[in-house]
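Okay, final.pdb now, which holds PDB, C-alpha atoms, pLDDT in the B column:
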ATOM      1  CA  MET A   1     -10.174  23.434  -1.523  1.00 46.00           C
ATOM      2  CA  GLU A   2      -7.813  21.138   0.291  1.00 75.00           C
ATOM      3  CA  GLU A   3      -8.932  17.651   1.333  1.00 86.00           C
ATOM      4  CA  PRO A   4     -10.043  17.292   4.948  1.00 91.00           C
ATOM      5  CA  PRO A   5      -7.213  16.084   7.183  1.00 93.00           C
ATOM      6  CA  ARG A   6      -6.987  12.451   8.318  1.00 94.00           C
ATOM      7  CA  ILE A   7      -7.343  11.536  11.974  1.00 96.00           C
ATOM      8  CA  VAL A   8      -4.171   9.647  12.868  1.00 96.00           C
ATOM      9  CA  GLY A   9      -4.736   9.446  16.619  1.00 97.00           C
ATOM     10  CA  THR A  10      -7.397  10.131  19.208  1.00 97.00           C
ATOM     11  CA  SER A  11      -7.600   9.980  22.986  1.00 97.00           C
ATOM     12  CA  ARG A  12     -10.317  10.631  25.575  1.00 96.00           C
ATOM     13  CA  CYS A  13      -9.381  13.505  27.890  1.00 96.00           C
ATOM     14  CA  PHE A  14     -12.549  13.867  29.943  1.00 95.00           C
ATOM     15  CA  ALA A  15     -15.877  12.069  30.364  1.00 95.00           C
ATOM     16  CA  GLY A  16     -18.658  14.069  32.005  1.00 91.00           C
ATOM     17  CA  ARG A  17     -22.399  14.034  32.560  1.00 89.00           C
ATOM     18  CA  VAL A  18     -23.206  16.571  29.824  1.00 88.00           C
ATOM     19  CA  PHE A  19     -20.213  16.354  27.491  1.00 92.00           C
ATOM     20  CA  ASN A  20     -16.904  14.577  26.848  1.00 95.00           C
ATOM     21  CA  VAL A  21     -13.596  15.921  25.560  1.00 97.00           C
ATOM     22  CA  ARG A  22     -11.286  14.136  23.143  1.00 97.00           C
ATOM     23  CA  SER A  23      -7.998  15.109  21.543  1.00 97.00           C
ATOM     24  CA  ASP A  24      -7.479  14.212  17.874  1.00 97.00           C
ATOM     25  CA  THR A  25      -4.196  14.321  15.990  1.00 97.00           C
ATOM     26  CA  LEU A  26      -4.829  15.379  12.402  1.00 96.00           C
ATOM     27  CA  ALA A  27      -2.520  14.829   9.424  1.00 95.00           C
ATOM     28  CA  PHE A  28      -2.896  17.479   6.729  1.00 93.00           C
ATOM     29  CA  SER A  29      -2.124  16.993   3.035  1.00 91.00           C
ATOM     30  CA  ASP A  30       1.062  19.098   3.358  1.00 90.00           C
ATOM     31  CA  GLY A  31       2.407  16.585   5.906  1.00 91.00           C
ATOM     32  CA  ALA A  32       1.851  18.737   8.982  1.00 94.00           C
ATOM     33  CA  GLU A  33       0.205  17.225  12.051  1.00 96.00           C
ATOM     34  CA  HIS A  34      -1.778  19.194  14.616  1.00 96.00           C
ATOM     35  CA  ARG A  35      -3.645  18.322  17.793  1.00 97.00           C
ATOM     36  CA  ILE A  36      -7.267  19.468  17.968  1.00 96.00           C
ATOM     37  CA  ASP A  37      -9.349  19.246  21.152  1.00 97.00           C
ATOM     38  CA  VAL A  38     -13.050  18.526  20.610  1.00 96.00           C
ATOM     39  CA  VAL A  39     -15.948  18.866  23.036  1.00 95.00           C
ATOM     40  CA  GLU A  40     -18.346  15.999  22.294  1.00 95.00           C
ATOM     41  CA  HIS A  41     -21.909  17.014  22.996  1.00 92.00           C
ATOM     42  CA  GLY A  42     -24.026  15.510  20.250  1.00 86.00           C
ATOM     43  CA  LEU A  43     -27.455  16.598  19.108  1.00 93.00           C
ATOM     44  CA  SER A  44     -29.497  19.161  20.995  1.00 95.00           C
ATOM     45  CA  VAL A  45     -32.934  20.534  20.214  1.00 97.00           C
ATOM     46  CA  ALA A  46     -34.289  24.075  20.500  1.00 97.00           C
ATOM     47  CA  ILE A  47     -37.986  24.863  20.428  1.00 98.00           C
ATOM     48  CA  VAL A  48     -39.648  28.008  19.091  1.00 97.00           C
ATOM     49  CA  ALA A  49     -42.984  27.608  20.873  1.00 98.00           C
ATOM     50  CA  THR A  50     -45.696  30.039  19.759  1.00 96.00           C
ATOM     51  CA  PRO A  51     -49.002  30.195  21.667  1.00 96.00           C
ATOM     52  CA  SER A  52     -50.169  32.618  18.931  1.00 94.00           C
ATOM     53  CA  PRO A  53     -48.485  33.881  15.738  1.00 89.00           C
ATOM     54  CA  ARG A  54     -47.041  36.965  17.507  1.00 91.00           C
ATOM     55  CA  GLU A  55     -46.090  35.332  20.841  1.00 95.00           C
ATOM     56  CA  ILE A  56     -43.190  33.180  21.970  1.00 96.00           C
ATOM     57  CA  VAL A  57     -42.567  31.083  25.076  1.00 97.00           C
ATOM     58  CA  LEU A  58     -39.287  31.832  26.851  1.00 96.00           C
ATOM     59  CA  VAL A  59     -37.809  30.165  29.902  1.00 95.00           C
ATOM     60  CA  ARG A  60     -35.534  31.798  32.449  1.00 93.00           C
ATOM     61  CA  GLN A  61     -32.898  29.789  34.229  1.00 92.00           C
ATOM     62  CA  TYR A  62     -29.542  30.262  35.868  1.00 89.00           C
ATOM     63  CA  ARG A  63     -26.647  29.506  33.508  1.00 86.00           C
ATOM     64  CA  HIS A  64     -23.557  29.014  35.616  1.00 84.00           C
ATOM     65  CA  ALA A  65     -21.037  29.491  32.781  1.00 82.00           C
ATOM     66  CA  ALA A  66     -22.573  32.947  32.158  1.00 83.00           C
ATOM     67  CA  ARG A  67     -23.081  33.528  35.916  1.00 86.00           C
ATOM     68  CA  GLU A  68     -26.561  34.942  35.356  1.00 88.00           C
ATOM     69  CA  CYS A  69     -30.187  34.050  34.766  1.00 89.00           C
ATOM     70  CA  VAL A  70     -30.942  34.011  31.050  1.00 89.00           C
ATOM     71  CA  TRP A  71     -34.255  34.256  29.176  1.00 93.00           C
ATOM     72  CA  GLU A  72     -34.091  31.807  26.293  1.00 94.00           C
ATOM     73  CA  ILE A  73     -36.151  29.448  24.176  1.00 96.00           C
ATOM     74  CA  PRO A  74     -36.658  25.954  25.631  1.00 97.00           C
ATOM     75  CA  ALA A  75     -33.899  23.529  24.646  1.00 96.00           C
ATOM     76  CA  GLY A  76     -32.156  20.360  25.691  1.00 94.00           C
ATOM     77  CA  GLY A  77     -30.409  17.223  24.593  1.00 92.00           C
ATOM     78  CA  ALA A  78     -31.755  14.409  22.462  1.00 92.00           C
ATOM     79  CA  GLY A  79     -31.213  10.931  23.826  1.00 88.00           C
ATOM     80  CA  PRO A  80     -29.072   8.489  21.818  1.00 86.00           C
ATOM     81  CA  ASN A  81     -32.079   6.588  20.414  1.00 91.00           C
ATOM     82  CA  GLU A  82     -34.591   9.433  20.584  1.00 93.00           C
ATOM     83  CA  ALA A  83     -36.022  10.990  17.422  1.00 94.00           C
ATOM     84  CA  PRO A  84     -35.212  14.728  17.409  1.00 95.00           C
ATOM     85  CA  ALA A  85     -38.894  15.743  17.091  1.00 96.00           C
ATOM     86  CA  ASP A  86     -39.737  13.527  20.078  1.00 96.00           C
ATOM     87  CA  ALA A  87     -36.893  15.132  22.057  1.00 96.00           C
ATOM     88  CA  ALA A  88     -38.233  18.601  21.190  1.00 97.00           C
ATOM     89  CA  ALA A  89     -41.763  17.695  22.311  1.00 97.00           C
ATOM     90  CA  ARG A  90     -40.383  16.140  25.516  1.00 96.00           C
ATOM     91  CA  GLU A  91     -38.132  19.114  26.348  1.00 95.00           C
ATOM     92  CA  LEU A  92     -41.011  21.545  25.742  1.00 97.00           C
ATOM     93  CA  ARG A  93     -43.264  19.557  28.119  1.00 95.00           C
ATOM     94  CA  GLU A  94     -40.560  19.148  30.780  1.00 93.00           C
ATOM     95  CA  GLU A  95     -39.376  22.766  30.821  1.00 92.00           C
ATOM     96  CA  THR A  96     -42.660  24.615  30.230  1.00 96.00           C
ATOM     97  CA  GLY A  97     -45.504  22.157  30.818  1.00 95.00           C
ATOM     98  CA  PHE A  98     -46.812  22.881  27.311  1.00 97.00           C
ATOM     99  CA  SER A  99     -47.765  20.076  24.927  1.00 96.00           C
ATOM    100  CA  ALA A 100     -47.822  20.926  21.229  1.00 97.00           C
ATOM    101  CA  ALA A 101     -50.290  19.796  18.581  1.00 97.00           C
ATOM    102  CA  ARG A 102     -47.556  20.283  15.954  1.00 96.00           C
ATOM    103  CA  VAL A 103     -43.747  20.093  16.163  1.00 97.00           C
ATOM    104  CA  ALA A 104     -42.084  20.843  12.807  1.00 95.00           C
ATOM    105  CA  PRO A 105     -38.364  21.074  11.965  1.00 95.00           C
ATOM    106  CA  ILE A 106     -36.985  24.499  11.075  1.00 94.00           C
ATOM    107  CA  GLY A 107     -33.304  23.801  10.503  1.00 92.00           C
ATOM    108  CA  LEU A 108     -30.017  22.613  11.930  1.00 93.00           C
ATOM    109  CA  ILE A 109     -26.945  24.619  12.955  1.00 92.00           C
ATOM    110  CA  TRP A 110     -23.504  23.874  14.355  1.00 92.00           C
ATOM    111  CA  THR A 111     -23.368  25.770  17.655  1.00 92.00           C
ATOM    112  CA  THR A 112     -19.574  26.243  17.886  1.00 92.00           C
ATOM    113  CA  PRO A 113     -17.847  24.057  15.246  1.00 92.00           C
ATOM    114  CA  GLY A 114     -14.393  25.392  16.051  1.00 93.00           C
ATOM    115  CA  PHE A 115     -14.184  23.139  19.110  1.00 94.00           C
ATOM    116  CA  CYS A 116     -17.535  21.365  19.649  1.00 95.00           C
ATOM    117  CA  ASP A 117     -19.462  18.719  17.683  1.00 93.00           C
ATOM    118  CA  GLU A 118     -22.870  19.903  18.973  1.00 93.00           C
ATOM    119  CA  ALA A 119     -25.491  20.244  16.266  1.00 93.00           C
ATOM    120  CA  MET A 120     -28.701  22.015  17.302  1.00 94.00           C
ATOM    121  CA  GLN A 121     -31.948  21.122  15.563  1.00 95.00           C
ATOM    122  CA  PHE A 122     -34.578  23.865  15.754  1.00 96.00           C
ATOM    123  CA  PHE A 123     -38.290  23.061  15.822  1.00 97.00           C
ATOM    124  CA  HIS A 124     -41.443  25.155  15.704  1.00 96.00           C
ATOM    125  CA  ALA A 125     -44.144  24.079  18.166  1.00 97.00           C
ATOM    126  CA  ASP A 126     -47.682  25.429  18.057  1.00 96.00           C
ATOM    127  CA  GLY A 127     -51.180  24.400  19.045  1.00 96.00           C
ATOM    128  CA  LEU A 128     -50.008  24.581  22.657  1.00 96.00           C
ATOM    129  CA  THR A 129     -51.902  23.133  25.617  1.00 92.00           C
ATOM    130  CA  ALA A 130     -50.813  24.120  29.132  1.00 91.00           C
ATOM    131  CA  GLY A 131     -49.753  21.527  31.693  1.00 88.00           C
ATOM    132  CA  ALA A 132     -47.341  21.049  34.594  1.00 87.00           C
ATOM    133  CA  GLN A 133     -43.551  21.254  34.318  1.00 83.00           C
ATOM    134  CA  THR A 134     -41.525  18.102  35.051  1.00 79.00           C
ATOM    135  CA  LEU A 135     -38.123  19.567  35.842  1.00 79.00           C
ATOM    136  CA  ASP A 136     -34.889  17.690  36.451  1.00 77.00           C
ATOM    137  CA  ALA A 137     -33.552  17.887  40.019  1.00 81.00           C
ATOM    138  CA  ASP A 138     -30.992  20.553  39.041  1.00 82.00           C
ATOM    139  CA  GLU A 139     -33.433  22.754  37.083  1.00 80.00           C
ATOM    140  CA  ARG A 140     -35.161  25.897  38.354  1.00 88.00           C
ATOM    141  CA  ILE A 141     -37.074  27.337  35.405  1.00 85.00           C
ATOM    142  CA  ASP A 142     -39.474  30.298  35.163  1.00 88.00           C
ATOM    143  CA  ILE A 143     -41.792  30.499  32.143  1.00 93.00           C
ATOM    144  CA  GLY A 144     -42.888  33.621  30.292  1.00 94.00           C
ATOM    145  CA  ILE A 145     -45.035  34.285  27.239  1.00 96.00           C
ATOM    146  CA  PHE A 146     -43.979  37.424  25.397  1.00 95.00           C
ATOM    147  CA  ASP A 147     -45.068  39.130  22.232  1.00 94.00           C
ATOM    148  CA  VAL A 148     -42.176  39.157  19.778  1.00 92.00           C
ATOM    149  CA  GLU A 149     -41.391  42.852  20.310  1.00 92.00           C
ATOM    150  CA  ALA A 150     -41.273  42.427  24.100  1.00 93.00           C
ATOM    151  CA  ALA A 151     -39.027  39.374  23.674  1.00 93.00           C
ATOM    152  CA  TRP A 152     -36.646  41.446  21.522  1.00 91.00           C
ATOM    153  CA  ARG A 153     -36.563  44.170  24.189  1.00 91.00           C
ATOM    154  CA  LEU A 154     -35.925  41.555  26.883  1.00 88.00           C
ATOM    155  CA  VAL A 155     -32.955  39.956  25.112  1.00 86.00           C
ATOM    156  CA  ALA A 156     -31.595  43.335  23.961  1.00 84.00           C
ATOM    157  CA  ALA A 157     -31.530  44.592  27.550  1.00 84.00           C
ATOM    158  CA  ARG A 158     -29.307  41.692  28.661  1.00 78.00           C
ATOM    159  CA  THR A 159     -26.648  39.469  27.184  1.00 71.00           C
ATOM    160  CA  ALA A 160     -28.668  36.999  25.121  1.00 80.00           C
ATOM    161  CA  ASP A 161     -27.918  33.515  23.896  1.00 89.00           C
ATOM    162  CA  ALA A 162     -27.558  32.852  20.174  1.00 91.00           C
ATOM    163  CA  LYS A 163     -30.361  30.299  19.809  1.00 93.00           C
ATOM    164  CA  THR A 164     -32.930  32.758  21.157  1.00 94.00           C
ATOM    165  CA  ILE A 165     -31.776  35.559  18.875  1.00 92.00           C
ATOM    166  CA  LEU A 166     -31.929  33.146  15.919  1.00 92.00           C
ATOM    167  CA  ALA A 167     -35.459  32.116  16.960  1.00 94.00           C
ATOM    168  CA  LEU A 168     -36.592  35.748  17.096  1.00 93.00           C
ATOM    169  CA  PHE A 169     -35.065  36.468  13.680  1.00 91.00           C
ATOM    170  CA  TRP A 170     -36.855  33.375  12.350  1.00 90.00           C
ATOM    171  CA  LEU A 171     -40.204  34.623  13.694  1.00 90.00           C
ATOM    172  CA  GLN A 172     -39.584  38.078  12.260  1.00 86.00           C
ATOM    173  CA  GLY A 173     -38.174  36.980   8.911  1.00 82.00           C
ATOM    174  CA  GLY A 174     -40.887  34.878   7.344  1.00 71.00           C
ATOM    175  CA  ARG A 175     -40.392  31.525   9.071  1.00 66.00           C
ATOM    176  CA  HIS A 176     -38.379  29.854   6.318  1.00 67.00           C
ATOM    177  CA  GLU A 177     -36.329  26.717   6.936  1.00 68.00           C
ATOM    178  CA  PHE A 178     -32.590  27.204   7.277  1.00 70.00           C
ATOM    179  CA  GLY A 179     -29.707  24.798   6.894  1.00 67.00           C
ATOM    180  CA  ARG A 180     -30.393  21.118   6.894  1.00 64.00           C
ATOM    181  CA  THR A 181     -33.213  19.614   8.847  1.00 60.00           C
ATOM    182  CA  VAL A 182     -33.172  16.743  11.300  1.00 54.00           C
ATOM    183  CA  ARG A 183     -29.815  15.071  11.922  1.00 52.00           C
ATOM    184  CA  ARG A 184     -29.538  11.714  13.719  1.00 46.00           C
TER     185      ARG A 184
END

Could you rewrite the structure in this file as structure tokens?
Amino acid sequence: MEEPPRIVGTSRCFAGRVFNVRSDTLAFSDGAEHRIDVVEHGLSVAIVATPSPREIVLVRQYRHAARECVWEIPAGGAGPNEAPADAAARELREETGFSAARVAPIGLIWTTPGFCDEAMQFFHADGLTAGAQTLDADERIDIGIFDVEAAWRLVAARTADAKTILALFWLQGGRHEFGRTVRR
């Protein structure tokens, strides 16, 4: 395997509320240089919340990039100095109103490493207690509790997001950890 390329230049192309974009110039061991654009997003958390062993909490919200409302597991960003497990518990409370007695790491994935540095840490939350949502001003979120089979039918009937499909496979496949766990 070839050595990773060296970064010989970088510039900020865009700074936004949710993500930034930078352009890196990479020097490869064969002497070639190439420009690579990177979306900087950082760590996000995704929560597989189970009110019972055969049920899952899904949220439905409008996703403008997809131009449709999507049923998905609760998720969101971790703050710069926020522990990932704390971010997962916070996002679960904000989006669904549920508090969890236990929040345990499942694994970490790169969402789209071809162009984005976002790592997504998955957590399992159980021992749920209902409460009130505390949504951000731009959020409109419906909550549903589905048995796993109904959740599969729901996501199969529409275009589903990858984190929710992974969560359903995790519930179905024995609940083993995957990848690394918590990244800071």

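In this model, the gap between atom CA of Val155 of chain A and atom CA of Leu128 of chain A comes to 23.1 Å.
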
Residues of segment 28-91 of chain A at most 10 Å from segment 100-124 of chain A: nearest atom pair and distance in Å, all atoms listed in the file, as a Markdown table:
| residue | atom | partner | partner_atom | distance |
| --- | --- | --- | --- | --- |
| A:Ile36 | CA | A:Phe115 | CA | 7.9 |
| A:Asp37 | CA | A:Phe115 | CA | 6.5 |
| A:Val38 | CA | A:Phe115 | CA | 5.0 |
| A:Val39 | CA | A:Cys116 | CA | 4.5 |
| A:Glu40 | CA | A:Asp117 | CA | 5.5 |
| A:His41 | CA | A:Glu118 | CA | 5.0 |
| A:Gly42 | CA | A:Glu118 | CA | 4.7 |
| A:Leu43 | CA | A:Ala119 | CA | 5.0 |
| A:Ser44 | CA | A:Met120 | CA | 4.7 |
| A:Val45 | CA | A:Gln121 | CA | 4.8 |
| A:Ala46 | CA | A:Phe122 | CA | 4.8 |
| A:Ile47 | CA | A:Phe123 | CA | 5.0 |
| A:Val48 | CA | A:His124 | CA | 4.8 |
| A:Ala49 | CA | A:His124 | CA | 5.9 |
| A:Thr50 | CA | A:His124 | CA | 7.6 |
| A:Pro51 | CA | A:Ala100 | CA | 9.4 |
| A:Ala75 | CA | A:Phe122 | CA | 8.9 |
| A:Gly76 | CA | A:Met120 | CA | 9.2 |
| A:Gly77 | CA | A:Met120 | CA | 8.9 |
| A:Ala78 | CA | A:Gln121 | CA | 9.6 |
| A:Pro84 | CA | A:Gln121 | CA | 7.4 |
| A:Ala85 | CA | A:Val103 | CA | 6.6 |
| A:Asp86 | CA | A:Val103 | CA | 8.6 |
| A:Ala88 | CA | A:Phe123 | CA | 7.0 |
| A:Ala89 | CA | A:Val103 | CA | 6.9 |
| A:Arg90 | CA | A:Ala100 | CA | 9.8 |

Can I get the selection written as an mmCIF file, in the frame of the given file, with C-alpha atoms?
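Contents of result_22.cif, freshly written:
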data_model
loop_
_atom_site.group_PDB
_atom_site.id
_atom_site.type_symbol
_atom_site.label_atom_id
_atom_site.label_comp_id
_atom_site.auth_asym_id
_atom_site.auth_seq_id
_atom_site.Cartn_x
_atom_site.Cartn_y
_atom_site.Cartn_z
ATOM 1 C CA ILE A 36 -7.267 19.468 17.968
ATOM 2 C CA ASP A 37 -9.349 19.246 21.152
ATOM 3 C CA VAL A 38 -13.050 18.526 20.610
ATOM 4 C CA VAL A 39 -15.948 18.866 23.036
ATOM 5 C CA GLU A 40 -18.346 15.999 22.294
ATOM 6 C CA HIS A 41 -21.909 17.014 22.996
ATOM 7 C CA GLY A 42 -24.026 15.510 20.250
ATOM 8 C CA LEU A 43 -27.455 16.598 19.108
ATOM 9 C CA SER A 44 -29.497 19.161 20.995
ATOM 10 C CA VAL A 45 -32.934 20.534 20.214
ATOM 11 C CA ALA A 46 -34.289 24.075 20.500
ATOM 12 C CA ILE A 47 -37.986 24.863 20.428
ATOM 13 C CA VAL A 48 -39.648 28.008 19.091
ATOM 14 C CA ALA A 49 -42.984 27.608 20.873
ATOM 15 C CA THR A 50 -45.696 30.039 19.759
ATOM 16 C CA PRO A 51 -49.002 30.195 21.667
ATOM 17 C CA ALA A 75 -33.899 23.529 24.646
ATOM 18 C CA GLY A 76 -32.156 20.360 25.691
ATOM 19 C CA GLY A 77 -30.409 17.223 24.593
ATOM 20 C CA ALA A 78 -31.755 14.409 22.462
ATOM 21 C CA PRO A 84 -35.212 14.728 17.409
ATOM 22 C CA ALA A 85 -38.894 15.743 17.091
ATOM 23 C CA ASP A 86 -39.737 13.527 20.078
ATOM 24 C CA ALA A 88 -38.233 18.601 21.190
ATOM 25 C CA ALA A 89 -41.763 17.695 22.311
ATOM 26 C CA ARG A 90 -40.383 16.140 25.516
#

Checklist entry - Quick one, how far is atom CA of Arg35 of chain A from atom CA of Ser23 of chain A? => result 6.6 Å

Checklist entry - From the list A:Gly127, A:Leu171, A:Phe178, A:Ser29, which residue is nearest Glu3 of chain A when using only C-alpha atoms? => result A:Ser29

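You can rank A:Thr96, A:Ala87, A:Asp30, A:Glu149 by their closest distance to Phe169 of chain A using only C-alpha atoms, and at the top of that list sits A:Glu149.
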
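Each of A:Val57, A:Glu139, A:Val18, A:Gly9 was compared to Gly79 of chain A using all atoms listed in the file, and A:Val18 turns out to be the nearest.
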
Checklist entry - Could you name the residues that touch Leu135 of chain A at 8 Å or less, counting all atoms listed in the file, but leaving out those on the same chain fewer than 3 positions away, as a list in words? => result Glu94, Glu95, Asp138, Glu139, Arg140 and Ile141 of chain A

Written selection (C-alpha atoms) as a PDB file, in the frame of the given file:
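The resulting file, part-v3.pdb, is reproduced below:
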ATOM      1  CA  GLU A  94     -40.560  19.148  30.780  1.00 93.00           C
ATOM      2  CA  GLU A  95     -39.376  22.766  30.821  1.00 92.00           C
ATOM      3  CA  ASP A 138     -30.992  20.553  39.041  1.00 82.00           C
ATOM      4  CA  GLU A 139     -33.433  22.754  37.083  1.00 80.00           C
ATOM      5  CA  ARG A 140     -35.161  25.897  38.354  1.00 88.00           C
ATOM      6  CA  ILE A 141     -37.074  27.337  35.405  1.00 85.00           C
TER       7      ILE A 141
END

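Using only C-alpha atoms for every distance, the candidate list A:Trp170, A:Phe28, A:Trp152, A:Phe98 yields A:Phe28 as the residue closest to Arg6 of chain A.
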
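Distance-wise, atom CA of Cys69 of chain A and atom CA of Ala15 of chain A end up 26.6 Å apart.
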
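Considering the residues A:Ala150, A:Ile73, A:Ala160, A:Ile165 and counting all atoms listed in the file, Ala125 of chain A has its shortest atom-to-atom contact with A:Ile73.
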
Using the incomplete input, complete segment 86-108 of chain A to the level of N, CA and C atoms; output as a CSV table (one decimal), in the coordinates of the input.
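Written out: out_1.csv:
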chain,number,residue,atom,x,y,z
A,86,ASP,N,-39.3,14.0,18.8
A,86,ASP,CA,-39.7,13.5,20.1
A,86,ASP,C,-39.0,14.2,21.2
A,87,ALA,N,-37.7,14.4,21.0
A,87,ALA,CA,-36.9,15.1,22.1
A,87,ALA,C,-37.4,16.6,22.2
A,88,ALA,N,-37.7,17.2,21.1
A,88,ALA,CA,-38.2,18.6,21.2
A,88,ALA,C,-39.6,18.6,21.9
A,89,ALA,N,-40.5,17.7,21.6
A,89,ALA,CA,-41.8,17.7,22.3
A,89,ALA,C,-41.6,17.4,23.8
A,90,ARG,N,-40.7,16.5,24.1
A,90,ARG,CA,-40.4,16.1,25.5
A,90,ARG,C,-39.8,17.3,26.3
A,91,GLU,N,-38.8,18.0,25.7
A,91,GLU,CA,-38.1,19.1,26.3
A,91,GLU,C,-39.1,20.2,26.6
A,92,LEU,N,-40.0,20.5,25.6
A,92,LEU,CA,-41.0,21.5,25.7
A,92,LEU,C,-41.9,21.2,26.9
A,93,ARG,N,-42.4,20.0,27.0
A,93,ARG,CA,-43.3,19.6,28.1
A,93,ARG,C,-42.5,19.7,29.5
A,94,GLU,N,-41.3,19.1,29.5
A,94,GLU,CA,-40.6,19.1,30.8
A,94,GLU,C,-40.3,20.6,31.3
A,95,GLU,N,-39.8,21.4,30.4
A,95,GLU,CA,-39.4,22.8,30.8
A,95,GLU,C,-40.5,23.7,31.0
A,96,THR,N,-41.6,23.6,30.2
A,96,THR,CA,-42.7,24.6,30.2
A,96,THR,C,-44.0,24.1,30.7
A,97,GLY,N,-44.2,22.8,30.6
A,97,GLY,CA,-45.5,22.2,30.8
A,97,GLY,C,-46.4,22.1,29.6
A,98,PHE,N,-46.0,22.8,28.5
A,98,PHE,CA,-46.8,22.9,27.3
A,98,PHE,C,-46.6,21.6,26.5
A,99,SER,N,-47.8,21.1,26.0
A,99,SER,CA,-47.8,20.1,24.9
A,99,SER,C,-48.1,20.8,23.6
A,100,ALA,N,-47.6,20.3,22.5
A,100,ALA,CA,-47.8,20.9,21.2
A,100,ALA,C,-48.6,20.0,20.3
A,101,ALA,N,-49.6,20.6,19.6
A,101,ALA,CA,-50.3,19.8,18.6
A,101,ALA,C,-49.4,19.5,17.4
A,102,ARG,N,-48.5,20.4,17.1
A,102,ARG,CA,-47.6,20.3,16.0
A,102,ARG,C,-46.1,20.6,16.4
A,103,VAL,N,-45.2,19.8,16.0
A,103,VAL,CA,-43.7,20.1,16.2
A,103,VAL,C,-43.1,19.9,14.8
A,104,ALA,N,-42.6,20.9,14.2
A,104,ALA,CA,-42.1,20.8,12.8
A,104,ALA,C,-40.6,21.3,12.8
A,105,PRO,N,-39.8,20.6,12.0
A,105,PRO,CA,-38.4,21.1,12.0
A,105,PRO,C,-38.2,22.4,11.2
A,106,ILE,N,-37.3,23.2,11.7
A,106,ILE,CA,-37.0,24.5,11.1
A,106,ILE,C,-35.6,24.4,10.4
A,107,GLY,N,-34.6,23.9,11.1
A,107,GLY,CA,-33.3,23.8,10.5
A,107,GLY,C,-32.3,23.3,11.5
A,108,LEU,N,-31.1,23.1,11.1
A,108,LEU,CA,-30.0,22.6,11.9
A,108,LEU,C,-28.8,23.5,11.8
